[in-house]
Amino acid sequence: MRYSRIISKFKDPKECLSLQGNQLLFQQQQHSQNFSNGFYKSNKSDESFCRIKENKWQYNWHSSDSTSIGIKIFAGLATAGAIFTLNSALCDSSEEEESISMDTEKDLDRCTNINVLPSKHNAVNYARNLLSGKMVETGSPGLVVAVSVNGKTVYTEGFGYADVENRVPCTPQTVLRIASISKSMTMTAVAKLLEEGTLDLDAPVHKYVPYFPVKTYDGKEVTITTRQLCSHMSGIRHYKLKDPNQKIDDIANRNDTDNKKDNESPGNVENNKKLLEENNKLSKDIGESKLDINRKEDDSNQKEDILKDQRKNLRRLLNKNGFRTIHGKKKKEPVEEDEFDLKEYYIKEHFESVQEACKIFQADELFFEPGHGYKYTTYGWTLVSAVVEGASGKPFSKVISKLFHDLGLENTYLDKNKPIIYKRGKNYIRDKKTSKMVNAPYVDNSYKWAGGGFLSTVGDLTKFGNAMLYAKQYKESDKNDPACPPGYLKSSTMTEIWSPVSGSKMDWDQDGFYGLGWGVVPKKYEYGCGRRVRHYVSHTGGAVGASSVLLVMPLEDLESSEDSHQGSLPQGVVVAIIANMGSVGLNKVALQIANAFETSNKDKQNKNKFNYKTYDL
């Protein structure tokens, strides 16, 4: 009988994985296999066997047809899986596969470096470990994830509970608050109006919102544009009331009452007594120094030096105790407010219109002159929704609902409390006094729908991300292809949206900037053998009892090439994660998951890395 032997070896040594353990799992798409003493033999008409020899996998077969076969290797309980393929595509996890394990004993122990192909299963296990760890780290009761590669959902899973009290588990269909990802969706509605010619990003907002008051800064009238609103450069405040550009004296005057209460608190009484004693002692020294100096009126330089030293010592003492002197008064250093501690974050009243919601902030002073600073603001997006209404002539709720319909987002809604929304999860927060998980308080998000008031599922989020990626990658040369309909937005529009705005920053990734409704991280490689920054766009969200992230990582080779794409659109990885707990940072985890699936997908497609040699036995 004639057999052939194939030895597979990668060209790139970086593809080599080091495996330790003694468990081999063989999978075949058509039928199960038998293993015996380190060899494989089929039950069917084809006769085959597999063995390890000289640190290489050897696969021998004789068959009347070229059956697609793959071998998966697991390193004990580790997640370092691998796929070995022969003249076939990778086994898809969506297809039914039967498997049987075998102990290779000494043979596998000899394989210190095996040239293998990372599999999608490896990326899934990697994602599960990351997400499970994040849940433990943050105490999140529930979390849902979805990953799509090239427009196809390859992994989605729910962890924990959507409703802890009733023990309802999280599933990919669980509907949760997506918080500030709402800004990215609203930006799509803005961009559609831009393409239709009914909205100008650089026109004053008063063109569309005449009821919004004229704003001034430093005594002069200033203009706010929609572009500035969409990039957080309008100067409109966020939930925090304190102005980072405000003068120290103003901040001090605002906090006079709070500082007085703090100084009279039991914990500070003893420290204040010591402070006053030291202050009196220094004041006495200063007074004596003044008398001594007055006796030496001729020595003016000595007088100035002594007074300067004494004042310096007094200031040092005050600062050491957490105080500083302003106009002769002891003031505590201003502490930046946490938005989750502000009552304004927990508004329970329902706002019937966007105009009514704008009254919350429209009378407040600007933090800076529009276009000359950056301040992340959700209220700015409430004004954006007012611009949408003025430009379209329709209520914002109808404009955004049409967007959901056009993009097929069947499980995305305005966060209204009255409607029955099936599979809506509950929200939870961490009690600051007891550190226990408790039900999130009731809030009404009608005052900030555009900036943080939508509900959705991870499936709808990845669908939305893919729609934006498709629009970005669609070329004019594709318009004659019936299999490639145009994107929801033009490629040039998406390029503008996903371009960093000068002077902006990305609050959840220090390598990034803010574009228009999206955070943008440009590709960067500054130093040889140093850190490489991968290009991607994303938006995170934080709401009462919810955290979220939507991350889009376009195919790098396609992004760097001006040539038309090869293959179907979109091309890239999209990751969506939602947790029903507030203050959970998810962007880093999403980026790690995206990188894992991108690597797996690249290796799956690069079959040309195999070298085949055939021998007669």
# chains A, B, ... in the order shown; residues from 1 in each chain; ligands from 1
>>> select_by_dssp(residues="segment 126-247 of chain A", states="strand (DSSP E or B)", output="PyMOL selection string")
chain A and resi 142-149+152-163+168-169+175-177+204+215-217+220-222+225
>>> residues_around(residues="Glu556 of chain A", least_positions_apart="6", cutoff="12 Å", atoms="only C-alpha atoms", output="PDB file with N, CA, C and O atoms, in the first residue's frame")
ATOM      1  N   GLN A 473     -14.588  51.574   4.769  1.00  0.00           N
ATOM      2  CA  GLN A 473     -13.767  50.816   3.818  1.00  0.00           C
ATOM      3  C   GLN A 473     -14.364  50.741   2.424  1.00  0.00           C
ATOM      4  O   GLN A 473     -13.695  50.313   1.483  1.00  0.00           O
ATOM      5  N   PRO A 522      -4.272  56.638  16.826  1.00  0.00           N
ATOM      6  CA  PRO A 522      -3.517  56.471  15.579  1.00  0.00           C
ATOM      7  C   PRO A 522      -2.419  55.422  15.740  1.00  0.00           C
ATOM      8  O   PRO A 522      -1.963  55.132  16.846  1.00  0.00           O
ATOM      9  N   LYS A 523      -2.011  54.883  14.616  1.00  0.00           N
ATOM     10  CA  LYS A 523      -0.899  53.935  14.612  1.00  0.00           C
ATOM     11  C   LYS A 523       0.388  54.669  14.977  1.00  0.00           C
ATOM     12  O   LYS A 523       0.648  55.773  14.497  1.00  0.00           O
ATOM     13  N   VAL A 533       1.869  50.854  18.781  1.00  0.00           N
ATOM     14  CA  VAL A 533       0.478  51.207  19.061  1.00  0.00           C
ATOM     15  C   VAL A 533      -0.351  50.904  17.829  1.00  0.00           C
ATOM     16  O   VAL A 533      -0.082  51.405  16.740  1.00  0.00           O
ATOM     17  N   ARG A 534      -1.359  50.084  18.022  1.00  0.00           N
ATOM     18  CA  ARG A 534      -2.224  49.648  16.928  1.00  0.00           C
ATOM     19  C   ARG A 534      -3.360  50.652  16.737  1.00  0.00           C
ATOM     20  O   ARG A 534      -3.943  51.146  17.700  1.00  0.00           O
ATOM     21  N   HIS A 535      -3.660  50.979  15.467  1.00  0.00           N
ATOM     22  CA  HIS A 535      -4.767  51.900  15.196  1.00  0.00           C
ATOM     23  C   HIS A 535      -6.110  51.241  15.493  1.00  0.00           C
ATOM     24  O   HIS A 535      -6.363  50.102  15.088  1.00  0.00           O
ATOM     25  N   TYR A 536      -6.949  51.962  16.230  1.00  0.00           N
ATOM     26  CA  TYR A 536      -8.322  51.513  16.447  1.00  0.00           C
ATOM     27  C   TYR A 536      -9.154  52.714  16.868  1.00  0.00           C
ATOM     28  O   TYR A 536      -8.625  53.798  17.192  1.00  0.00           O
ATOM     29  N   GLU A 562      -3.696  52.036  -0.294  1.00  0.00           N
ATOM     30  CA  GLU A 562      -4.666  52.838  -1.031  1.00  0.00           C
ATOM     31  C   GLU A 562      -5.401  52.012  -2.072  1.00  0.00           C
ATOM     32  O   GLU A 562      -6.332  52.479  -2.711  1.00  0.00           O
ATOM     33  N   HIS A 565      -9.917  46.974  -1.596  1.00  0.00           N
ATOM     34  CA  HIS A 565      -9.863  45.810  -0.723  1.00  0.00           C
ATOM     35  C   HIS A 565      -9.973  44.524  -1.524  1.00  0.00           C
ATOM     36  O   HIS A 565     -10.449  44.502  -2.650  1.00  0.00           O
ATOM     37  N   GLN A 571     -13.723  44.520   6.827  1.00  0.00           N
ATOM     38  CA  GLN A 571     -12.560  43.732   7.199  1.00  0.00           C
ATOM     39  C   GLN A 571     -11.942  44.339   8.446  1.00  0.00           C
ATOM     40  O   GLN A 571     -11.412  45.449   8.425  1.00  0.00           O
ATOM     41  N   GLY A 572     -12.035  43.593   9.509  1.00  0.00           N
ATOM     42  CA  GLY A 572     -11.523  44.054  10.793  1.00  0.00           C
ATOM     43  C   GLY A 572     -12.239  43.356  11.933  1.00  0.00           C
ATOM     44  O   GLY A 572     -13.098  42.495  11.724  1.00  0.00           O
ATOM     45  N   VAL A 573     -11.884  43.739  13.154  1.00  0.00           N
ATOM     46  CA  VAL A 573     -12.443  43.122  14.358  1.00  0.00           C
ATOM     47  C   VAL A 573     -13.261  44.161  15.114  1.00  0.00           C
ATOM     48  O   VAL A 573     -12.839  45.307  15.273  1.00  0.00           O
ATOM     49  N   ASN A 595      -7.076  42.206  19.675  1.00  0.00           N
ATOM     50  CA  ASN A 595      -5.751  41.794  19.197  1.00  0.00           C
ATOM     51  C   ASN A 595      -5.645  40.276  19.082  1.00  0.00           C
ATOM     52  O   ASN A 595      -5.065  39.756  18.129  1.00  0.00           O
ATOM     53  N   GLU A 598      -7.709  39.147  16.053  1.00  0.00           N
ATOM     54  CA  GLU A 598      -7.066  39.572  14.810  1.00  0.00           C
ATOM     55  C   GLU A 598      -5.883  38.670  14.485  1.00  0.00           C
ATOM     56  O   GLU A 598      -5.696  38.255  13.337  1.00  0.00           O
ATOM     57  N   THR A 599      -5.083  38.352  15.493  1.00  0.00           N
ATOM     58  CA  THR A 599      -3.946  37.454  15.285  1.00  0.00           C
ATOM     59  C   THR A 599      -4.404  36.087  14.823  1.00  0.00           C
ATOM     60  O   THR A 599      -3.844  35.500  13.894  1.00  0.00           O
ATOM     61  N   LYS A 602      -5.588  36.339  11.170  1.00  0.00           N
ATOM     62  CA  LYS A 602      -4.482  36.483  10.218  1.00  0.00           C
ATOM     63  C   LYS A 602      -3.809  35.140   9.972  1.00  0.00           C
ATOM     64  O   LYS A 602      -3.521  34.774   8.836  1.00  0.00           O
TER      65      LYS A 602
END
>>> residues_around(residues="segment 440-447 of chain A", least_positions_apart="5", cutoff="9 Å", atoms="only C-alpha atoms", output="NGL selection string")
:A and (345-354 or 356-358 or 360 or 379 or 382 or 414-417 or 426-430 or 452-454 or 544-545 or 581-582)
>>> closest_residue(among="A:Ser583, A:Asp460, A:Asp364, A:Ser492", to="Thr153 of chain A", atoms="only C-alpha atoms")
A:Asp460
>>> closest_residue(among="A:Met233, A:Ala450, A:Val438, A:Ala162", to="Tyr514 of chain A", atoms="only C-alpha atoms")
A:Met233
>>> decode(residues="segment 424-541 of chain A", atoms="C-alpha atoms", output="mmCIF file, in the first residue's frame")
data_model
loop_
_atom_site.group_PDB
_atom_site.id
_atom_site.type_symbol
_atom_site.label_atom_id
_atom_site.label_comp_id
_atom_site.auth_asym_id
_atom_site.auth_seq_id
_atom_site.Cartn_x
_atom_site.Cartn_y
_atom_site.Cartn_z
ATOM 1 C CA ARG A 424 -33.799 44.146 30.017
ATOM 2 C CA GLY A 425 -31.203 43.588 32.724
ATOM 3 C CA LYS A 426 -31.067 45.295 36.088
ATOM 4 C CA ASN A 427 -28.382 47.750 37.189
ATOM 5 C CA TYR A 428 -26.144 47.649 40.243
ATOM 6 C CA ILE A 429 -23.682 49.862 42.088
ATOM 7 C CA ARG A 430 -21.209 49.394 44.915
ATOM 8 C CA ASP A 431 -22.212 50.911 48.250
ATOM 9 C CA LYS A 432 -19.347 53.140 49.368
ATOM 10 C CA LYS A 433 -19.934 52.563 53.084
ATOM 11 C CA THR A 434 -20.333 48.792 53.113
ATOM 12 C CA SER A 435 -18.651 47.938 49.762
ATOM 13 C CA LYS A 436 -21.583 45.620 49.109
ATOM 14 C CA MET A 437 -23.364 45.399 45.797
ATOM 15 C CA VAL A 438 -26.777 47.093 45.894
ATOM 16 C CA ASN A 439 -29.501 47.920 43.397
ATOM 17 C CA ALA A 440 -28.793 51.101 41.453
ATOM 18 C CA PRO A 441 -31.120 54.007 42.295
ATOM 19 C CA TYR A 442 -33.887 54.981 39.923
ATOM 20 C CA VAL A 443 -32.870 57.580 37.326
ATOM 21 C CA ASP A 444 -34.504 59.116 34.255
ATOM 22 C CA ASN A 445 -32.066 59.608 31.383
ATOM 23 C CA SER A 446 -34.364 61.718 29.210
ATOM 24 C CA TYR A 447 -32.149 64.764 29.880
ATOM 25 C CA LYS A 448 -29.176 63.114 28.116
ATOM 26 C CA TRP A 449 -30.494 60.639 25.544
ATOM 27 C CA ALA A 450 -28.037 61.730 22.842
ATOM 28 C CA GLY A 451 -25.001 61.600 25.107
ATOM 29 C CA GLY A 452 -25.744 58.610 27.325
ATOM 30 C CA GLY A 453 -29.353 57.454 27.242
ATOM 31 C CA PHE A 454 -29.624 54.398 24.970
ATOM 32 C CA LEU A 455 -30.195 50.720 25.710
ATOM 33 C CA SER A 456 -28.804 47.959 23.509
ATOM 34 C CA THR A 457 -27.310 44.480 23.254
ATOM 35 C CA VAL A 458 -23.758 43.479 22.364
ATOM 36 C CA GLY A 459 -25.105 42.007 19.134
ATOM 37 C CA ASP A 460 -26.566 45.341 18.068
ATOM 38 C CA LEU A 461 -23.391 47.157 19.084
ATOM 39 C CA THR A 462 -21.189 44.935 16.926
ATOM 40 C CA LYS A 463 -23.686 45.337 14.066
ATOM 41 C CA PHE A 464 -23.429 49.115 14.431
ATOM 42 C CA GLY A 465 -19.630 48.930 14.606
ATOM 43 C CA ASN A 466 -19.530 46.823 11.443
ATOM 44 C CA ALA A 467 -21.835 49.269 9.644
ATOM 45 C CA MET A 468 -19.408 52.093 10.420
ATOM 46 C CA LEU A 469 -16.396 49.972 9.422
ATOM 47 C CA TYR A 470 -18.089 48.959 6.176
ATOM 48 C CA ALA A 471 -18.818 52.604 5.339
ATOM 49 C CA LYS A 472 -15.210 53.546 6.060
ATOM 50 C CA GLN A 473 -13.767 50.816 3.818
ATOM 51 C CA TYR A 474 -16.263 51.127 0.963
ATOM 52 C CA LYS A 475 -14.639 52.548 -2.177
ATOM 53 C CA GLU A 476 -16.161 54.233 -5.192
ATOM 54 C CA SER A 477 -14.791 51.395 -7.298
ATOM 55 C CA ASP A 478 -17.164 49.056 -5.446
ATOM 56 C CA LYS A 479 -20.336 50.781 -6.631
ATOM 57 C CA ASN A 480 -20.537 48.630 -9.764
ATOM 58 C CA ASP A 481 -20.413 45.468 -7.695
ATOM 59 C CA PRO A 482 -23.988 44.309 -6.898
ATOM 60 C CA ALA A 483 -22.622 42.328 -3.950
ATOM 61 C CA CYS A 484 -21.279 45.559 -2.404
ATOM 62 C CA PRO A 485 -24.095 48.051 -1.676
ATOM 63 C CA PRO A 486 -22.998 51.511 -0.498
ATOM 64 C CA GLY A 487 -22.367 52.172 3.171
ATOM 65 C CA TYR A 488 -24.768 54.067 5.399
ATOM 66 C CA LEU A 489 -22.299 56.958 5.329
ATOM 67 C CA LYS A 490 -19.679 57.937 2.767
ATOM 68 C CA SER A 491 -16.105 56.794 3.247
ATOM 69 C CA SER A 492 -14.955 60.418 3.302
ATOM 70 C CA THR A 493 -17.453 61.183 6.072
ATOM 71 C CA MET A 494 -16.196 58.273 8.158
ATOM 72 C CA THR A 495 -12.617 59.419 7.616
ATOM 73 C CA GLU A 496 -13.581 62.812 9.036
ATOM 74 C CA ILE A 497 -15.361 61.223 12.012
ATOM 75 C CA TRP A 498 -12.468 58.875 12.777
ATOM 76 C CA SER A 499 -9.740 61.523 12.466
ATOM 77 C CA PRO A 500 -8.177 62.979 15.652
ATOM 78 C CA VAL A 501 -9.128 66.577 16.408
ATOM 79 C CA SER A 502 -6.157 68.766 17.264
ATOM 80 C CA GLY A 503 -6.082 69.707 20.948
ATOM 81 C CA SER A 504 -8.385 66.881 22.033
ATOM 82 C CA LYS A 505 -7.601 63.838 24.120
ATOM 83 C CA MET A 506 -8.975 60.363 24.695
ATOM 84 C CA ASP A 507 -9.863 59.962 28.358
ATOM 85 C CA TRP A 508 -9.721 56.148 28.327
ATOM 86 C CA ASP A 509 -6.445 55.691 26.378
ATOM 87 C CA GLN A 510 -3.505 58.079 26.744
ATOM 88 C CA ASP A 511 -2.299 57.223 23.220
ATOM 89 C CA GLY A 512 -5.506 58.484 21.663
ATOM 90 C CA PHE A 513 -7.419 61.617 20.785
ATOM 91 C CA TYR A 514 -11.079 62.431 20.331
ATOM 92 C CA GLY A 515 -12.519 62.636 16.843
ATOM 93 C CA LEU A 516 -16.199 63.346 16.235
ATOM 94 C CA GLY A 517 -18.204 61.147 18.567
ATOM 95 C CA TRP A 518 -15.427 58.541 18.744
ATOM 96 C CA GLY A 519 -12.102 58.091 20.479
ATOM 97 C CA VAL A 520 -9.298 57.573 17.943
ATOM 98 C CA VAL A 521 -5.907 55.932 18.511
ATOM 99 C CA PRO A 522 -3.517 56.471 15.579
ATOM 100 C CA LYS A 523 -0.899 53.935 14.612
ATOM 101 C CA LYS A 524 2.415 54.723 16.291
ATOM 102 C CA TYR A 525 5.859 53.110 16.400
ATOM 103 C CA GLU A 526 8.388 55.587 17.760
ATOM 104 C CA TYR A 527 11.398 53.544 18.863
ATOM 105 C CA GLY A 528 13.081 50.482 17.427
ATOM 106 C CA CYS A 529 12.164 47.348 19.399
ATOM 107 C CA GLY A 530 9.837 49.581 21.424
ATOM 108 C CA ARG A 531 6.111 49.657 21.909
ATOM 109 C CA ARG A 532 3.859 49.491 18.866
ATOM 110 C CA VAL A 533 0.478 51.207 19.061
ATOM 111 C CA ARG A 534 -2.224 49.648 16.928
ATOM 112 C CA HIS A 535 -4.767 51.900 15.196
ATOM 113 C CA TYR A 536 -8.322 51.513 16.447
ATOM 114 C CA VAL A 537 -11.392 53.574 17.369
ATOM 115 C CA SER A 538 -13.631 53.066 20.366
ATOM 116 C CA HIS A 539 -16.015 54.616 22.830
ATOM 117 C CA THR A 540 -16.535 53.667 26.438
ATOM 118 C CA GLY A 541 -19.521 54.379 28.627
#
